[in-house]
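The structure appears right after this line, and notes come after that.
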Amino acid sequence: GENVEQHPSTLSVQEGDSAVIKCTYSDSASNYFPWYKQELGKRPQLIIDIRSNVGEKKDQRIAVTLNKTAKHFSLHITETQPEDSAVYFCAAPGLGGYQKVTFGTGTKLQVIP
Amino acid sequence: DSGVTQTPKHLITATGQRVTLRCSPRSGDLSVYWYQQSLDQGLQFLIQYYNGEERAKGNILERFSAQQFPDLHSELNLSSLELGDSALYFCASGTKANYGYTFGSGTRLTVV
């Protein structure tokens, strides 16, 4: 099965600075990598994803990069704002599309005004 | 509203009791996934159903069981409850794992 490691577990940044969260995965066949944001007491929500046929994807202030050779992918948030404060989870599915999605352990991001 | 409906939102029960959590997936989604999230913890995968059949199993205790019905809604049954079972239980639905999926708002279970 898939093994996903996520770092750091906590991250504090000043408002306006950038934040980077990294994940590594074990299954070289994994081909889809979503990121979820979970605000306190709420459900995780998909914020961005990347497929294995591209190396980078951007959506306004957030971007995800993928290095298939090294088997790691990263979430980049630029110009951070207080509303970016949340727990962020990376994930990777196993083969076949019907296997369980394995989540990273989460990164608690705090943006200090 | 994510389209995934979970009931009840909150549940308080005593140790040793049995509860049932319910999930209705988004229209068109065939897969239902159950996750447990303890306080300040990550998302622990419990079990997945696809179109009524069990497809994958995670770290689900023997005291827990689930099923998916012909109308695609799913129920998670938790029995002989212990204090440590207190957690947020999320249901998510999707069509294929590699297209991401959508979480419900969760059921907060408190065992006293």
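Going by the structure tokens order, chains are called A, B, ..., each with residues numbered from 1, while ligands are numbered from 1 in the order shown.
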Give me, as an mmCIF file with N, CA and C atoms, in the first residue's frame, the residues of stretch 27-100 of chain B that a backbone DSSP run labels strand (DSSP E or B).
```
data_model
loop_
_atom_site.group_PDB
_atom_site.id
_atom_site.type_symbol
_atom_site.label_atom_id
_atom_site.label_comp_id
_atom_site.auth_asym_id
_atom_site.auth_seq_id
_atom_site.Cartn_x
_atom_site.Cartn_y
_atom_site.Cartn_z
ATOM 1 N N SER B 31 -18.665 5.579 -4.853
ATOM 2 C CA SER B 31 -17.790 5.179 -3.746
ATOM 3 C C SER B 31 -18.097 5.981 -2.493
ATOM 4 N N VAL B 32 -18.031 5.296 -1.380
ATOM 5 C CA VAL B 32 -18.142 5.941 -0.066
ATOM 6 C C VAL B 32 -16.948 5.515 0.766
ATOM 7 N N TYR B 33 -16.325 6.476 1.392
ATOM 8 C CA TYR B 33 -15.163 6.232 2.242
ATOM 9 C C TYR B 33 -15.490 6.723 3.649
ATOM 10 N N TRP B 34 -15.036 6.001 4.641
ATOM 11 C CA TRP B 34 -15.199 6.426 6.033
ATOM 12 C C TRP B 34 -13.826 6.685 6.649
ATOM 13 N N TYR B 35 -13.724 7.836 7.333
ATOM 14 C CA TYR B 35 -12.496 8.219 8.013
ATOM 15 C C TYR B 35 -12.798 8.586 9.459
ATOM 16 N N GLN B 36 -11.835 8.310 10.324
ATOM 17 C CA GLN B 36 -11.918 8.703 11.730
ATOM 18 C C GLN B 36 -10.855 9.760 11.992
ATOM 19 N N GLN B 37 -11.247 10.831 12.674
ATOM 20 C CA GLN B 37 -10.289 11.870 13.028
ATOM 21 C C GLN B 37 -10.422 12.177 14.517
ATOM 22 N N GLN B 44 -7.721 8.968 9.613
ATOM 23 C CA GLN B 44 -7.449 7.540 9.583
ATOM 24 C C GLN B 44 -8.511 6.843 8.740
ATOM 25 N N PHE B 45 -8.069 6.204 7.684
ATOM 26 C CA PHE B 45 -8.989 5.515 6.793
ATOM 27 C C PHE B 45 -9.572 4.284 7.471
ATOM 28 N N LEU B 46 -10.863 4.138 7.387
ATOM 29 C CA LEU B 46 -11.523 2.983 7.988
ATOM 30 C C LEU B 46 -11.910 1.957 6.929
ATOM 31 N N ILE B 47 -12.725 2.380 5.974
ATOM 32 C CA ILE B 47 -13.252 1.420 5.015
ATOM 33 C C ILE B 47 -13.812 2.157 3.797
ATOM 34 N N GLN B 48 -13.819 1.444 2.650
ATOM 35 C CA GLN B 48 -14.368 1.991 1.410
ATOM 36 C C GLN B 48 -15.370 1.012 0.818
ATOM 37 N N TYR B 49 -16.467 1.555 0.310
ATOM 38 C CA TYR B 49 -17.435 0.774 -0.444
ATOM 39 C C TYR B 49 -17.581 1.374 -1.830
ATOM 40 N N TYR B 50 -17.774 0.492 -2.793
ATOM 41 C CA TYR B 50 -18.018 0.938 -4.160
ATOM 42 C C TYR B 50 -19.236 0.200 -4.682
ATOM 43 N N GLU B 53 -20.293 -2.803 -2.691
ATOM 44 C CA GLU B 53 -19.312 -3.824 -2.307
ATOM 45 C C GLU B 53 -18.138 -3.200 -1.547
ATOM 46 N N GLU B 54 -17.646 -3.926 -0.573
ATOM 47 C CA GLU B 54 -16.462 -3.482 0.147
ATOM 48 C C GLU B 54 -15.259 -3.558 -0.778
ATOM 49 N N ARG B 55 -14.487 -2.452 -0.875
ATOM 50 C CA ARG B 55 -13.356 -2.424 -1.805
ATOM 51 C C ARG B 55 -12.003 -2.320 -1.097
ATOM 52 N N ALA B 56 -11.973 -1.662 0.018
ATOM 53 C CA ALA B 56 -10.702 -1.506 0.728
ATOM 54 C C ALA B 56 -10.983 -1.331 2.203
ATOM 55 N N LYS B 57 -10.064 -1.830 2.996
ATOM 56 C CA LYS B 57 -10.215 -1.773 4.438
ATOM 57 C C LYS B 57 -8.956 -1.184 5.050
ATOM 58 N N PHE B 64 -16.292 -2.295 14.813
ATOM 59 C CA PHE B 64 -16.899 -1.390 13.832
ATOM 60 C C PHE B 64 -17.254 -2.190 12.575
ATOM 61 N N SER B 65 -18.349 -1.822 11.968
ATOM 62 C CA SER B 65 -18.716 -2.443 10.701
ATOM 63 C C SER B 65 -19.435 -1.414 9.847
ATOM 64 N N ALA B 66 -19.506 -1.687 8.571
ATOM 65 C CA ALA B 66 -20.173 -0.741 7.676
ATOM 66 C C ALA B 66 -20.842 -1.500 6.554
ATOM 67 N N GLN B 67 -21.726 -0.815 5.871
ATOM 68 C CA GLN B 67 -22.328 -1.373 4.664
ATOM 69 C C GLN B 67 -22.803 -0.244 3.776
ATOM 70 N N GLN B 68 -22.962 -0.573 2.502
ATOM 71 C CA GLN B 68 -23.517 0.382 1.548
ATOM 72 C C GLN B 68 -24.745 -0.265 0.927
ATOM 73 N N SER B 74 -24.629 4.866 2.961
ATOM 74 C CA SER B 74 -23.802 3.956 3.747
ATOM 75 C C SER B 74 -24.029 4.205 5.226
ATOM 76 N N GLU B 75 -23.850 3.188 6.000
ATOM 77 C CA GLU B 75 -23.944 3.275 7.453
ATOM 78 C C GLU B 75 -22.694 2.685 8.088
ATOM 79 N N LEU B 76 -22.211 3.363 9.099
ATOM 80 C CA LEU B 76 -21.076 2.887 9.885
ATOM 81 C C LEU B 76 -21.603 2.567 11.274
ATOM 82 N N ASN B 77 -21.454 1.321 11.670
ATOM 83 C CA ASN B 77 -21.938 0.870 12.965
ATOM 84 C C ASN B 77 -20.772 0.717 13.927
ATOM 85 N N LEU B 78 -20.898 1.355 15.069
ATOM 86 C CA LEU B 78 -19.860 1.299 16.093
ATOM 87 C C LEU B 78 -20.473 0.675 17.338
ATOM 88 N N ALA B 87 -14.495 10.840 18.563
ATOM 89 C CA ALA B 87 -13.782 11.390 17.404
ATOM 90 C C ALA B 87 -14.787 12.002 16.445
ATOM 91 N N LEU B 88 -14.233 12.651 15.423
ATOM 92 C CA LEU B 88 -15.028 13.079 14.270
ATOM 93 C C LEU B 88 -14.979 11.960 13.253
ATOM 94 N N TYR B 89 -16.128 11.562 12.762
ATOM 95 C CA TYR B 89 -16.184 10.530 11.739
ATOM 96 C C TYR B 89 -16.658 11.189 10.445
ATOM 97 N N PHE B 90 -15.793 11.131 9.448
ATOM 98 C CA PHE B 90 -16.116 11.727 8.160
ATOM 99 C C PHE B 90 -16.443 10.644 7.148
ATOM 100 N N CYS B 91 -17.392 10.971 6.332
ATOM 101 C CA CYS B 91 -17.695 10.192 5.161
ATOM 102 C C CYS B 91 -17.290 11.026 3.949
ATOM 103 N N ALA B 92 -16.762 10.380 2.933
ATOM 104 C CA ALA B 92 -16.442 11.076 1.694
ATOM 105 C C ALA B 92 -16.981 10.246 0.541
ATOM 106 N N SER B 93 -17.304 10.903 -0.544
ATOM 107 C CA SER B 93 -17.760 10.147 -1.703
ATOM 108 C C SER B 93 -17.000 10.593 -2.941
ATOM 109 N N GLY B 94 -16.929 9.701 -3.909
ATOM 110 C CA GLY B 94 -16.244 9.999 -5.153
ATOM 111 C C GLY B 94 -16.565 8.932 -6.165
#
```
Fill in: Exercise: A:Phe33 partners within 7 Å, only C-alpha atoms, chain neighbours under 3 positions left out, as a ChimeraX atom specification
/A:49-51,91-92
Which neighbours of B:Ser24 fall inside 6 Å, counting only C-alpha atoms, when residues of the same chain fewer than 6 positions from it are skipped, and could you give them as a PDB file with C-alpha atoms, in the first residue's frame?
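Result file part.pdb:
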```
ATOM      1  CA  VAL B   4     -22.392  14.613   0.941  1.00  0.00           C
ATOM      2  CA  THR B   5     -24.858  14.356   3.819  1.00  0.00           C
ATOM      3  CA  HIS B  73     -26.131   5.459   1.182  1.00  0.00           C
TER       4      HIS B  73
END
```
Quick one: which chain A residues come within 10 Å of chain B, and what is the nearest atom pair for each with the distance in Å to one decimal, counting only C-alpha atoms, rows ordered by chain and ascending number, as a tab-separated table?
```
residue	atom	partner	partner_atom	distance
A:Ser30	CA	B:Asn98	CA	8.9
A:Asn31	CA	B:Asn98	CA	7.4
A:Tyr32	CA	B:Asn98	CA	5.4
A:Phe33	CA	B:Asn98	CA	7.9
A:Pro34	CA	B:Gly100	CA	6.5
A:Trp35	CA	B:Gly100	CA	9.1
A:Tyr36	CA	B:Gly100	CA	9.7
A:Leu40	CA	B:Asp40	CA	9.7
A:Gly41	CA	B:Leu88	CA	9.0
A:Lys42	CA	B:Ser105	CA	6.5
A:Arg43	CA	B:Ser105	CA	5.1
A:Pro44	CA	B:Phe103	CA	6.4
A:Gln45	CA	B:Phe103	CA	7.0
A:Leu46	CA	B:Thr102	CA	7.4
A:Ile48	CA	B:Gly100	CA	9.6
A:Asp49	CA	B:Gly100	CA	8.0
A:Ile50	CA	B:Tyr99	CA	9.9
A:Arg51	CA	B:Asn98	CA	8.6
A:Val87	CA	B:Gly42	CA	9.4
A:Tyr88	CA	B:Gly42	CA	10.0
A:Phe89	CA	B:Gly42	CA	8.2
A:Ala91	CA	B:Gly100	CA	9.3
A:Ala92	CA	B:Asn98	CA	8.5
A:Pro93	CA	B:Ala97	CA	6.2
A:Gly94	CA	B:Ala97	CA	8.2
A:Leu95	CA	B:Asn98	CA	9.1
A:Gly96	CA	B:Ala97	CA	8.3
A:Gly97	CA	B:Ala97	CA	4.6
A:Tyr98	CA	B:Ala97	CA	5.6
A:Gln99	CA	B:Ala56	CA	6.1
A:Lys100	CA	B:Ala56	CA	6.0
A:Val101	CA	B:Ala97	CA	6.7
A:Thr102	CA	B:Phe45	CA	7.4
A:Phe103	CA	B:Leu43	CA	6.6
A:Gly104	CA	B:Gly42	CA	7.5
A:Thr105	CA	B:Gly42	CA	5.1
A:Gly106	CA	B:Gly42	CA	6.1
A:Thr107	CA	B:Gly42	CA	9.4
A:Lys108	CA	B:Asp40	CA	9.5
```
Worksheet item: Near A:Thr78, counting only C-alpha atoms, which residues have an atom at most 10 Å away, once you skip same-chain residues fewer than 5 positions from it, shown as a PyMOL selection string?
Response: chain A and resi 15-20+60-63
Discussion item. Could you go through stretch 49-101 of chain B and tell me which residues DSSP, when run on the backbone, assigns to helix (DSSP H, G or I), listing them as a list in words?
Written reply: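 Matching residues for helix (DSSP H, G or I) in stretch 49-101 of chain B are Leu83, Gly84, Asp85, Ala97, Asn98 and Tyr99 of chain B.
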Practice prompt. Determine, counting only C-alpha atoms, which protein, DNA and RNA residues have an atom within 7 Å of an atom of A:Ser85; residues of the same chain fewer than 2 positions away are not included. Present the result as a list of chain:residue names.
Written response: A:Pro82, A:Glu83, A:Leu109, A:Gln110, A:Val111
Worksheet item: Out of B:Leu30, B:Leu21, B:Ile60, B:Ala14, which residue has the shortest atom-to-atom distance to B:Leu83 when counting only C-alpha atoms?
Response: B:Ala14
Practice prompt. Check the smallest atom-to-atom distance from each of A:Ala29, A:Val54, A:Leu75, A:Val64 to A:His7 using only C-alpha atoms, then report the winner.
Written response: A:Leu75
Worksheet entry | Atom pair atom CA of B:His10 / atom CA of A:Thr10: separation (Å) |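 The value is 28.3 Å.
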